[in-house]
$ cat work_17.txt   # compact mmCIF, C-alpha atoms
# COMPACT_ATOMS: atom_id res chain seq x y z
CA MET A 1 38.10 -31.97 -45.92
CA THR A 2 39.98 -31.00 -42.75
CA ASP A 3 42.24 -28.20 -44.02
CA ASN A 4 40.69 -25.63 -41.69
CA LEU A 5 41.88 -27.63 -38.68
CA PHE A 6 45.48 -26.96 -39.61
CA GLN A 7 45.20 -23.21 -39.89
CA PRO A 8 46.95 -21.18 -37.14
CA PHE A 9 44.63 -19.61 -34.60
CA SER A 10 45.29 -16.75 -32.16
CA LEU A 11 43.59 -16.87 -28.80
CA ASN A 12 44.72 -13.29 -28.25
CA ASP A 13 47.70 -11.05 -28.92
CA SER A 14 50.07 -13.20 -26.85
CA ILE A 15 48.98 -16.83 -27.36
CA HIS A 16 49.07 -18.22 -30.90
CA LEU A 17 48.20 -21.84 -31.74
CA ASN A 18 49.75 -23.75 -34.64
CA ASN A 19 46.41 -25.42 -35.44
CA ARG A 20 42.82 -25.62 -34.23
CA ILE A 21 42.99 -29.14 -32.76
CA VAL A 22 43.12 -29.23 -28.96
CA MET A 23 43.90 -32.22 -26.78
CA ALA A 24 40.94 -32.33 -24.39
CA PRO A 25 41.44 -32.83 -20.64
CA LEU A 26 41.52 -36.57 -19.95
CA THR A 27 41.57 -37.85 -16.37
CA ARG A 28 44.19 -40.60 -16.16
CA CYS A 29 44.70 -41.13 -12.38
CA MET A 30 48.44 -41.66 -12.89
CA ALA A 31 50.04 -39.17 -10.49
CA ASP A 32 52.10 -40.60 -7.63
CA ASP A 33 50.74 -41.09 -4.11
CA ASN A 34 51.52 -37.46 -3.26
CA LEU A 35 49.57 -36.39 -6.36
CA VAL A 36 52.79 -35.29 -8.06
CA PRO A 37 53.02 -35.59 -11.86
CA THR A 38 55.52 -38.22 -12.97
CA GLU A 39 58.13 -38.55 -15.73
CA ALA A 40 55.74 -40.91 -17.51
CA MET A 41 53.16 -38.10 -17.58
CA ALA A 42 55.74 -35.72 -19.02
CA ASP A 43 56.51 -38.21 -21.80
CA TYR A 44 52.79 -38.77 -22.43
CA TYR A 45 52.02 -35.08 -22.90
CA ALA A 46 55.19 -34.35 -24.89
CA LYS A 47 54.20 -36.98 -27.47
CA ARG A 48 51.03 -34.97 -28.15
CA ALA A 49 52.68 -31.53 -28.30
CA ASP A 50 51.93 -31.05 -32.00
CA SER A 51 48.28 -30.34 -31.15
CA GLY A 52 47.47 -26.63 -31.22
CA LEU A 53 46.94 -26.71 -27.46
CA ILE A 54 47.02 -29.36 -24.74
CA ILE A 55 44.62 -29.02 -21.82
CA SER A 56 45.96 -31.06 -18.93
CA GLU A 57 43.96 -33.62 -17.04
CA ALA A 58 41.86 -32.03 -14.30
CA THR A 59 44.15 -30.91 -11.47
CA ILE A 60 42.93 -30.30 -7.94
CA ILE A 61 43.47 -26.92 -6.31
CA ARG A 62 43.58 -28.18 -2.71
CA PRO A 63 43.28 -31.50 -0.83
CA ASP A 64 39.52 -31.52 -0.24
CA GLY A 65 38.92 -31.15 -3.97
CA GLN A 66 39.92 -34.76 -4.67
CA GLY A 67 37.28 -37.22 -5.85
CA TYR A 68 39.32 -39.87 -7.68
CA PRO A 69 42.53 -41.76 -6.89
CA ASN A 70 45.92 -40.40 -7.97
CA THR A 71 44.64 -37.26 -9.69
CA PRO A 72 47.38 -34.61 -9.70
CA GLY A 73 47.34 -31.48 -7.59
CA ILE A 74 48.93 -28.07 -7.96
CA TYR A 75 49.06 -26.83 -4.37
CA THR A 76 52.42 -28.19 -3.07
CA ALA A 77 55.96 -27.33 -4.10
CA ALA A 78 56.53 -30.92 -5.24
CA GLN A 79 53.43 -30.85 -7.42
CA ILE A 80 54.46 -27.55 -8.99
CA GLN A 81 57.89 -28.96 -9.75
CA GLY A 82 56.35 -32.13 -11.17
CA TRP A 83 54.21 -30.05 -13.52
CA ARG A 84 57.28 -28.01 -14.49
CA THR A 85 58.77 -31.25 -15.82
CA VAL A 86 55.64 -31.73 -17.93
CA THR A 87 55.48 -28.19 -19.28
CA ASP A 88 59.19 -28.17 -20.08
CA ALA A 89 58.76 -31.40 -22.07
CA VAL A 90 55.80 -29.99 -24.02
CA HIS A 91 57.54 -26.68 -24.72
CA ALA A 92 60.68 -28.49 -25.88
CA LYS A 93 58.52 -30.02 -28.62
CA GLY A 94 57.07 -26.64 -29.57
CA GLY A 95 53.71 -27.19 -27.91
CA LYS A 96 51.45 -25.12 -25.67
CA ILE A 97 49.66 -26.37 -22.56
CA PHE A 98 47.00 -25.04 -20.18
CA VAL A 99 46.23 -26.69 -16.85
CA GLN A 100 42.61 -27.46 -15.96
CA LEU A 101 41.95 -26.30 -12.38
CA TRP A 102 39.51 -28.50 -10.48
CA HIS A 103 37.57 -28.89 -7.28
CA THR A 104 35.07 -31.75 -7.36
CA GLY A 105 32.75 -30.36 -4.66
CA ARG A 106 30.11 -32.91 -3.66
CA VAL A 107 31.82 -35.52 -5.84
CA ALA A 108 34.86 -35.46 -3.51
CA HIS A 109 35.36 -38.07 -0.77
CA PRO A 110 36.94 -37.62 2.69
CA HIS A 111 38.89 -40.87 2.16
CA PHE A 112 41.36 -38.97 0.01
CA PHE A 113 42.15 -36.12 2.38
CA GLU A 114 41.32 -37.59 5.80
CA GLY A 115 38.62 -34.99 6.29
CA GLU A 116 35.27 -35.00 8.06
CA HIS A 117 33.13 -33.77 5.22
CA VAL A 118 33.01 -32.65 1.61
CA ILE A 119 32.04 -29.12 0.66
CA ALA A 120 29.40 -28.00 -1.86
CA PRO A 121 26.80 -25.26 -2.38
CA SER A 122 24.10 -27.20 -0.53
CA ALA A 123 23.50 -30.39 1.45
CA GLU A 124 22.47 -32.24 -1.72
CA ALA A 125 24.30 -35.52 -2.23
CA VAL A 126 25.07 -37.17 -5.54
CA GLU A 127 24.06 -40.83 -5.78
CA GLY A 128 26.49 -43.67 -6.28
CA SER A 129 30.10 -44.39 -5.45
CA VAL A 130 33.59 -43.29 -6.44
CA PRO A 131 34.76 -44.65 -9.81
CA ARG A 132 37.68 -47.11 -9.46
CA MET A 133 36.88 -47.31 -5.72
CA ARG A 134 33.31 -48.55 -5.58
CA GLU A 135 33.51 -49.24 -1.84
CA LEU A 136 33.43 -45.48 -1.26
CA THR A 137 29.91 -44.09 -1.46
CA TYR A 138 29.20 -40.39 -1.84
CA GLN A 139 28.28 -38.39 1.25
CA VAL A 140 25.88 -35.56 1.98
CA PRO A 141 28.08 -32.47 1.63
CA LYS A 142 28.46 -29.58 4.03
CA PRO A 143 27.11 -26.33 2.55
CA ALA A 144 29.97 -23.89 2.15
CA SER A 145 29.78 -20.79 4.33
CA VAL A 146 30.27 -17.37 2.77
CA GLU A 147 33.77 -17.30 4.30
CA GLU A 148 34.54 -20.74 2.86
CA ILE A 149 33.36 -19.60 -0.58
CA GLN A 150 35.74 -16.65 -0.43
CA GLN A 151 38.54 -19.03 0.56
CA LEU A 152 37.71 -21.19 -2.45
CA VAL A 153 38.01 -18.13 -4.70
CA ASN A 154 41.42 -17.42 -3.21
CA ASP A 155 42.51 -21.05 -3.53
CA PHE A 156 41.51 -21.21 -7.20
CA ALA A 157 43.50 -18.03 -7.81
CA LYS A 158 46.52 -19.31 -5.90
CA ALA A 159 46.42 -22.51 -7.97
CA ALA A 160 46.44 -20.35 -11.10
CA GLU A 161 49.52 -18.53 -9.84
CA ASN A 162 51.11 -21.90 -9.10
CA ALA A 163 50.33 -22.98 -12.66
CA ILE A 164 52.20 -20.04 -14.12
CA GLU A 165 55.12 -20.83 -11.79
CA ALA A 166 54.97 -24.41 -13.12
CA GLY A 167 55.36 -23.13 -16.68
CA PHE A 168 51.83 -23.48 -18.02
CA ASP A 169 50.81 -21.11 -20.81
CA GLY A 170 47.48 -20.53 -19.09
CA VAL A 171 44.68 -22.14 -17.07
CA GLU A 172 41.27 -23.53 -17.85
CA ILE A 173 38.87 -23.25 -14.91
CA HIS A 174 36.81 -26.44 -14.65
CA GLY A 175 33.30 -25.06 -14.32
CA ALA A 176 31.60 -28.05 -15.94
CA ASN A 177 30.57 -31.70 -15.68
CA GLY A 178 28.87 -31.61 -12.29
CA TYR A 179 31.87 -30.50 -10.22
CA LEU A 180 32.03 -27.67 -7.68
CA ILE A 181 31.65 -24.58 -9.86
CA ASP A 182 28.99 -26.29 -11.98
CA GLN A 183 27.14 -27.23 -8.78
CA PHE A 184 26.56 -23.54 -8.07
CA LEU A 185 25.06 -23.06 -11.56
CA HIS A 186 22.31 -25.73 -11.47
CA HIS A 187 19.16 -25.76 -9.37
CA ASP A 188 19.52 -29.50 -8.76
CA SER A 189 22.59 -28.93 -6.60
CA ASN A 190 22.21 -25.31 -5.48
CA LYS A 191 19.38 -24.85 -2.96
CA ARG A 192 20.93 -21.87 -1.21
CA THR A 193 18.78 -18.93 -0.08
CA ASP A 194 21.62 -16.44 0.44
CA GLU A 195 23.55 -14.31 -2.07
CA PHE A 196 24.81 -17.46 -3.83
CA GLY A 197 21.43 -19.07 -4.59
CA GLN A 198 17.92 -18.82 -6.05
CA THR A 199 18.45 -16.16 -8.75
CA ALA A 200 20.62 -16.29 -11.85
CA GLU A 201 22.76 -13.40 -10.60
CA ASN A 202 23.32 -15.09 -7.25
CA MET A 203 24.05 -18.54 -8.68
CA ALA A 204 26.64 -17.10 -11.08
CA ARG A 205 28.31 -15.03 -8.34
CA PHE A 206 30.89 -17.63 -7.25
CA PRO A 207 31.89 -18.76 -10.77
CA LEU A 208 32.36 -15.14 -11.87
CA ALA A 209 34.34 -14.35 -8.73
CA VAL A 210 36.71 -17.24 -9.51
CA VAL A 211 37.11 -16.11 -13.13
CA ASP A 212 37.72 -12.48 -12.18
CA GLU A 213 40.20 -13.21 -9.39
CA ILE A 214 42.24 -15.58 -11.55
CA ALA A 215 42.31 -13.06 -14.40
CA THR A 216 43.40 -10.35 -11.97
CA ARG A 217 46.32 -12.51 -10.85
CA ILE A 218 47.55 -13.98 -14.16
CA GLY A 219 45.85 -11.96 -16.91
CA TRP A 220 42.77 -12.45 -19.07
CA GLU A 221 44.88 -13.75 -21.95
CA LYS A 222 45.81 -16.78 -19.82
CA THR A 223 42.36 -17.44 -18.33
CA ALA A 224 39.83 -19.84 -19.88
CA LEU A 225 36.68 -21.56 -18.64
CA ARG A 226 34.77 -24.79 -19.26
CA LEU A 227 30.97 -24.89 -18.84
CA SER A 228 28.13 -27.42 -19.01
CA PRO A 229 24.82 -25.57 -19.53
CA GLY A 230 23.15 -28.94 -20.13
CA ALA A 231 23.02 -30.98 -16.92
CA TYR A 232 23.85 -34.59 -17.69
CA PHE A 233 26.66 -35.90 -15.43
CA ASN A 234 26.15 -36.17 -11.65
CA MET A 235 23.39 -33.62 -12.15
CA ALA A 236 19.69 -33.45 -13.02
CA GLY A 237 18.42 -30.78 -15.39
CA ASP A 238 15.98 -28.03 -14.45
CA ASP A 239 14.19 -25.64 -16.81
CA ARG A 240 15.34 -22.72 -14.64
CA ASP A 241 18.99 -23.52 -15.44
CA ARG A 242 18.60 -21.85 -18.83
CA GLY A 243 18.19 -18.43 -17.27
CA VAL A 244 21.25 -18.96 -15.08
CA PHE A 245 23.45 -19.68 -18.10
CA GLU A 246 21.96 -16.90 -20.21
CA TYR A 247 22.90 -14.49 -17.43
CA LEU A 248 26.36 -16.04 -16.99
CA LEU A 249 27.15 -16.05 -20.71
CA ASN A 250 26.08 -12.42 -20.99
CA ARG A 251 28.52 -11.49 -18.24
CA LEU A 252 31.30 -13.59 -19.79
CA GLU A 253 30.71 -11.86 -23.12
CA GLN A 254 31.74 -8.64 -21.39
CA ARG A 255 35.04 -10.19 -20.28
CA GLU A 256 38.09 -11.27 -22.31
CA LEU A 257 38.55 -14.99 -21.72
CA ALA A 258 41.19 -16.79 -23.76
CA TYR A 259 38.37 -19.18 -24.75
CA LEU A 260 35.21 -20.83 -23.52
CA HIS A 261 35.16 -24.65 -23.65
CA MET A 262 32.06 -26.84 -23.79
CA GLY A 263 31.84 -29.54 -21.11
CA LEU A 264 30.28 -32.50 -22.92
CA PHE A 265 30.87 -36.18 -23.56
CA ASP A 266 28.54 -36.29 -26.57
CA ASP A 267 27.50 -33.15 -28.45
CA SER A 268 24.63 -34.98 -30.14
CA MET A 269 22.73 -34.71 -26.85
CA GLU A 270 19.83 -32.26 -26.86
CA PHE A 271 18.24 -30.48 -23.93
CA ASP A 272 14.62 -29.32 -24.05
CA TYR A 273 15.29 -26.29 -21.87
CA LEU A 274 18.15 -25.20 -24.15
CA ASP A 275 16.14 -25.74 -27.35
CA GLY A 276 18.64 -28.27 -28.66
CA SER A 277 22.33 -28.86 -28.16
CA ALA A 278 24.31 -27.11 -25.43
CA THR A 279 26.90 -26.00 -28.00
CA ASP A 280 24.34 -24.21 -30.15
CA PHE A 281 22.80 -22.64 -27.06
CA VAL A 282 26.18 -21.22 -26.03
CA ARG A 283 26.97 -20.03 -29.55
CA ARG A 284 23.70 -18.06 -29.59
CA ASN A 285 24.66 -16.37 -26.33
CA TYR A 286 28.44 -16.01 -26.65
CA THR A 287 30.21 -14.66 -29.72
CA LYS A 288 33.86 -14.98 -28.69
CA THR A 289 36.26 -17.95 -29.04
CA LEU A 290 34.40 -21.19 -28.38
CA MET A 291 35.89 -24.69 -28.17
CA GLY A 292 33.68 -27.59 -29.19
CA VAL A 293 33.99 -31.16 -27.93
CA GLY A 294 31.95 -34.32 -27.60
CA GLY A 295 32.39 -37.24 -29.94
CA TYR A 296 33.65 -35.38 -32.99
CA THR A 297 35.93 -36.81 -35.62
CA ALA A 298 38.35 -34.57 -37.48
CA GLN A 299 35.89 -34.54 -40.37
CA THR A 300 32.76 -33.71 -38.37
CA GLY A 301 34.67 -31.19 -36.28
CA SER A 302 36.01 -29.49 -39.38
CA ALA A 303 32.48 -29.26 -40.75
CA ALA A 304 31.23 -27.76 -37.47
CA ILE A 305 33.94 -25.09 -37.61
CA ASN A 306 32.99 -24.32 -41.22
CA ALA A 307 29.39 -23.97 -40.05
CA ASN A 308 30.54 -21.52 -37.34
CA ARG A 309 29.26 -23.70 -34.50
CA PHE A 310 32.62 -23.25 -32.74
CA ASP A 311 36.20 -22.12 -33.44
CA LEU A 312 38.44 -24.81 -31.94
CA LEU A 313 38.00 -28.59 -31.85
CA ALA A 314 38.88 -30.54 -28.69
CA ILE A 315 39.59 -34.24 -29.22
CA GLY A 316 39.58 -36.67 -26.29
CA ARG A 317 39.86 -40.44 -26.40
CA PRO A 318 41.40 -40.64 -29.88
CA PHE A 319 44.41 -38.82 -28.40
CA ILE A 320 44.81 -41.62 -25.84
CA ALA A 321 44.89 -44.21 -28.61
CA ASN A 322 46.92 -42.09 -31.05
CA PRO A 323 49.82 -40.04 -29.67
CA ASP A 324 50.43 -39.12 -33.32
CA TYR A 325 46.81 -38.07 -33.90
CA ILE A 326 47.75 -34.80 -35.62
CA GLU A 327 50.09 -36.46 -38.11
CA LYS A 328 47.61 -39.24 -38.87
CA VAL A 329 44.80 -36.80 -39.59
CA LYS A 330 47.06 -34.69 -41.80
CA LEU A 331 48.09 -37.72 -43.83
CA GLY A 332 44.65 -39.33 -43.86
CA ASP A 333 45.99 -42.42 -42.10
CA THR A 334 43.72 -44.83 -40.23
CA LEU A 335 43.41 -44.06 -36.53
CA THR A 336 43.96 -46.70 -33.86
CA GLU A 337 40.59 -47.33 -32.22
CA TYR A 338 40.29 -46.40 -28.56
CA HIS A 339 39.30 -49.04 -26.02
CA ASP A 340 39.09 -48.90 -22.22
CA ASP A 341 42.05 -51.25 -21.72
CA MET A 342 44.24 -48.31 -22.80
CA LEU A 343 43.45 -46.51 -19.55
CA GLY A 344 45.79 -48.83 -17.64
CA THR A 345 48.98 -47.30 -19.03
CA LEU A 346 50.39 -44.02 -20.30
CA VAL A 347 51.65 -44.45 -23.86
$ encode --input "work_17.txt" --output "structure tokens"
Amino acid sequence: MTDNLFQPFSLNDSIHLNNRIVMAPLTRCMADDNLVPTEAMADYYAKRADSGLIISEATIIRPDGQGYPNTPGIYTAAQIQGWRTVTDAVHAKGGKIFVQLWHTGRVAHPHFFEGEHVIAPSAEAVEGSVPRMRELTYQVPKPASVEEIQQLVNDFAKAAENAIEAGFDGVEIHGANGYLIDQFLHHDSNKRTDEFGQTAENMARFPLAVVDEIATRIGWEKTALRLSPGAYFNMAGDDRDRGVFEYLLNRLEQRELAYLHMGLFDDSMEFDYLDGSATDFVRRNYTKTLMGVGGYTAQTGSAAINANRFDLLAIGRPFIANPDYIEKVKLGDTLTEYHDDMLGTLV
């Protein structure tokens, strides 16, 4: 029932995957106090190297992008070297790994970088407090100036260059799940009246600038993107968002991304303004390589690939509970059930 998952898949002429199962990005908050990846992280990823592709946990591009404790960065020499230890371990096992590049935008907190403010498209705060550090409540962000937006483009691109130096096979730009790039794409968080707001073209301007600058620096074959057309996490939906993503997907169709990755926790969710699931909305508007995610089993993911809903299957929490997930699925063995207590250690 899952044979199609174990077929090789080529992202492009230079990156070939041994199978269609991808380890999804999973925030673990296990870097050291300087946000440097550890030997334990290298061991953790290496144990999962038989997946077709590993996408690293979200990795911040600069200090003010941090919104959670001990999330790794990729902007210092020590961080780059720490990631080199990880990529070497994965490659030694025959695996491939992309880094997910991240800035949390209005979900950041000055506590982490000793700053005065967080930066976002508009002065629209997200409600609540920082996970794992509930004493820290979210702040009203400072709207990024045009000059600061250009600096963000440059910093994303520099982080991509750092990723290649660190040995990654490519990068996935985190443009989903209510973080900085996603905040530009939704009317709930983007109230700008300049060239980065109001219209679909303007709201997609920053995300496309990041994509294009990274691809210019490291190549299209190494550049991927994650998107959340359906607002559901740190974000309220708006009927006008549909037009923004239709425009964005049309422009991405004209480019040569390694893949496009859905940003979802549960793909059974439906959105009125998307006429159903976010995955099916994207598939109608984007014909190139699409990675599905969001509560799938190997069996349901295999069926979705057979139905042409997407091309690659990203698996999240089951990979935390089962370092040998690929082997177990191949053999039809029972999977260890995930539970939240597993987040306390890297196994």
$ closest_residue --input "work_17.txt" --among "A:Ala166, A:Val146, A:Met1, A:Leu26" --to "A:Ile320" --atoms "all atoms listed in the file"
A:Leu26
$ closest_residue --input "work_17.txt" --among "A:Leu35, A:Val153, A:Ala200, A:Val107" --to "A:Gly67" --atoms "all atoms listed in the file"
A:Val107
$ atom_distance --input "work_17.txt" --atom1 "atom CA of A:Ala176" --atom2 "atom CA of A:Phe233"
9.3 Å
$ residues_around --input "work_17.txt" --residues "A:Thr76" --least-positions-apart "2" --cutoff "10 Å" --atoms "all atoms listed in the file" --output "PyMOL selection string"
chain A and resi 34-36+61-63+73-74+78-82+159+162
$ write_last_selection --input "work_17.txt" --atoms "C-alpha atoms" --output "mmCIF file, keeping the file's coordinate frame"
data_model
loop_
_atom_site.group_PDB
_atom_site.id
_atom_site.type_symbol
_atom_site.label_atom_id
_atom_site.label_comp_id
_atom_site.auth_asym_id
_atom_site.auth_seq_id
_atom_site.Cartn_x
_atom_site.Cartn_y
_atom_site.Cartn_z
ATOM 1 C CA ASN A 34 51.520 -37.460 -3.260
ATOM 2 C CA LEU A 35 49.570 -36.390 -6.360
ATOM 3 C CA VAL A 36 52.790 -35.290 -8.060
ATOM 4 C CA ILE A 61 43.470 -26.920 -6.310
ATOM 5 C CA ARG A 62 43.580 -28.180 -2.710
ATOM 6 C CA PRO A 63 43.280 -31.500 -0.830
ATOM 7 C CA GLY A 73 47.340 -31.480 -7.590
ATOM 8 C CA ILE A 74 48.930 -28.070 -7.960
ATOM 9 C CA ALA A 78 56.530 -30.920 -5.240
ATOM 10 C CA GLN A 79 53.430 -30.850 -7.420
ATOM 11 C CA ILE A 80 54.460 -27.550 -8.990
ATOM 12 C CA GLN A 81 57.890 -28.960 -9.750
ATOM 13 C CA GLY A 82 56.350 -32.130 -11.170
ATOM 14 C CA ALA A 159 46.420 -22.510 -7.970
ATOM 15 C CA ASN A 162 51.110 -21.900 -9.100
#
$ atom_distance --input "work_17.txt" --atom1 "atom CA of A:Asn202" --atom2 "atom CA of A:Pro121"
11.8 Å
$ residues_around --input "work_17.txt" --residues "A:Val118" --least-positions-apart "6" --cutoff "12 Å" --atoms "only C-alpha atoms" --output "number ranges by chain"
A: 63-67, 103-112, 124-126, 138-144, 180
$ atom_distance --input "work_17.txt" --atom1 "atom CA of A:Leu5" --atom2 "atom CA of A:Ser51"
10.2 Å
$ closest_residue --input "work_17.txt" --among "A:Asp311, A:Glu195, A:Asp33, A:Glu135" --to "A:Gly292" --atoms "all atoms listed in the file"
A:Asp311
$ closest_residue --input "work_17.txt" --among "A:Ala163, A:Leu252, A:Ala298, A:Met133" --to "A:Phe98" --atoms "only C-alpha atoms"
A:Ala163
$ residues_around --input "work_17.txt" --residues "A:Arg283" --least-positions-apart "4" --cutoff "7 Å" --atoms "only C-alpha atoms" --output "CSV table (one decimal) with C-alpha atoms, in the frame of the given file"
chain,number,residue,atom,x,y,z
A,279,THR,CA,26.9,-26.0,-28.0
A,287,THR,CA,30.2,-14.7,-29.7
A,309,ARG,CA,29.3,-23.7,-34.5
$ closest_residue --input "work_17.txt" --among "A:Met30, A:Ala160, A:Ala278, A:Ala49" --to "A:Trp220" --atoms "all atoms listed in the file"
A:Ala160
$ residues_near_point --input "work_17.txt" --point "(47.8, -44.5, -27.0)" --cutoff "10 Å" --atoms "all atoms listed in the file" --output "ChimeraX atom specification"
/A:44,47,317-325,336-339,342-343,345-347
$ residues_around --input "work_17.txt" --residues "A:Pro229" --least-positions-apart "5" --cutoff "8 Å" --atoms "all atoms listed in the file" --output "VMD selection string"
chain A and resid 241 to 242 245 278 282
$ closest_residue --input "work_17.txt" --among "A:Thr223, A:Thr87, A:Asn190, A:Thr297" --to "A:Met235" --atoms "only C-alpha atoms"
A:Asn190
$ residues_around --input "work_17.txt" --residues "stretch 259-261 of chain A" --least-positions-apart "3" --cutoff "9 Å" --atoms "all atoms listed in the file" --output "NGL selection string"
:A and (11 or 172 or 221 or 223-228 or 256 or 286 or 288-293 or 312 or 314)
$ residues_near_point --input "work_17.txt" --point "(22.1, -26.2, -11.8)" --cutoff "9 Å" --atoms "only C-alpha atoms" --output "VMD selection string"
chain A and resid 178 182 to 190 203 229 to 231 235 to 238 240 to 242 244
$ write_last_selection --input "work_17.txt" --atoms "C-alpha atoms" --output "compact mmCIF listing (two decimals), keeping the file's coordinate frame"
# COMPACT_ATOMS: atom_id res chain seq x y z
CA GLY A 178 28.87 -31.61 -12.29
CA ASP A 182 28.99 -26.29 -11.98
CA GLN A 183 27.14 -27.23 -8.78
CA PHE A 184 26.56 -23.54 -8.07
CA LEU A 185 25.06 -23.06 -11.56
CA HIS A 186 22.31 -25.73 -11.47
CA HIS A 187 19.16 -25.76 -9.37
CA ASP A 188 19.52 -29.50 -8.76
CA SER A 189 22.59 -28.93 -6.60
CA ASN A 190 22.21 -25.31 -5.48
CA MET A 203 24.05 -18.54 -8.68
CA PRO A 229 24.82 -25.57 -19.53
CA GLY A 230 23.15 -28.94 -20.13
CA ALA A 231 23.02 -30.98 -16.92
CA MET A 235 23.39 -33.62 -12.15
CA ALA A 236 19.69 -33.45 -13.02
CA GLY A 237 18.42 -30.78 -15.39
CA ASP A 238 15.98 -28.03 -14.45
CA ARG A 240 15.34 -22.72 -14.64
CA ASP A 241 18.99 -23.52 -15.44
CA ARG A 242 18.60 -21.85 -18.83
CA VAL A 244 21.25 -18.96 -15.08
$ axis_aligned_box --input "work_17.txt" --around "stretch 154-171 of chain A" --padding-each-side "5 Å" --output "JSON"
{"center_x": 48.4, "center_y": -20.9, "center_z": -12.0, "size_x": 23.9, "size_y": 17.0, "size_z": 27.6}
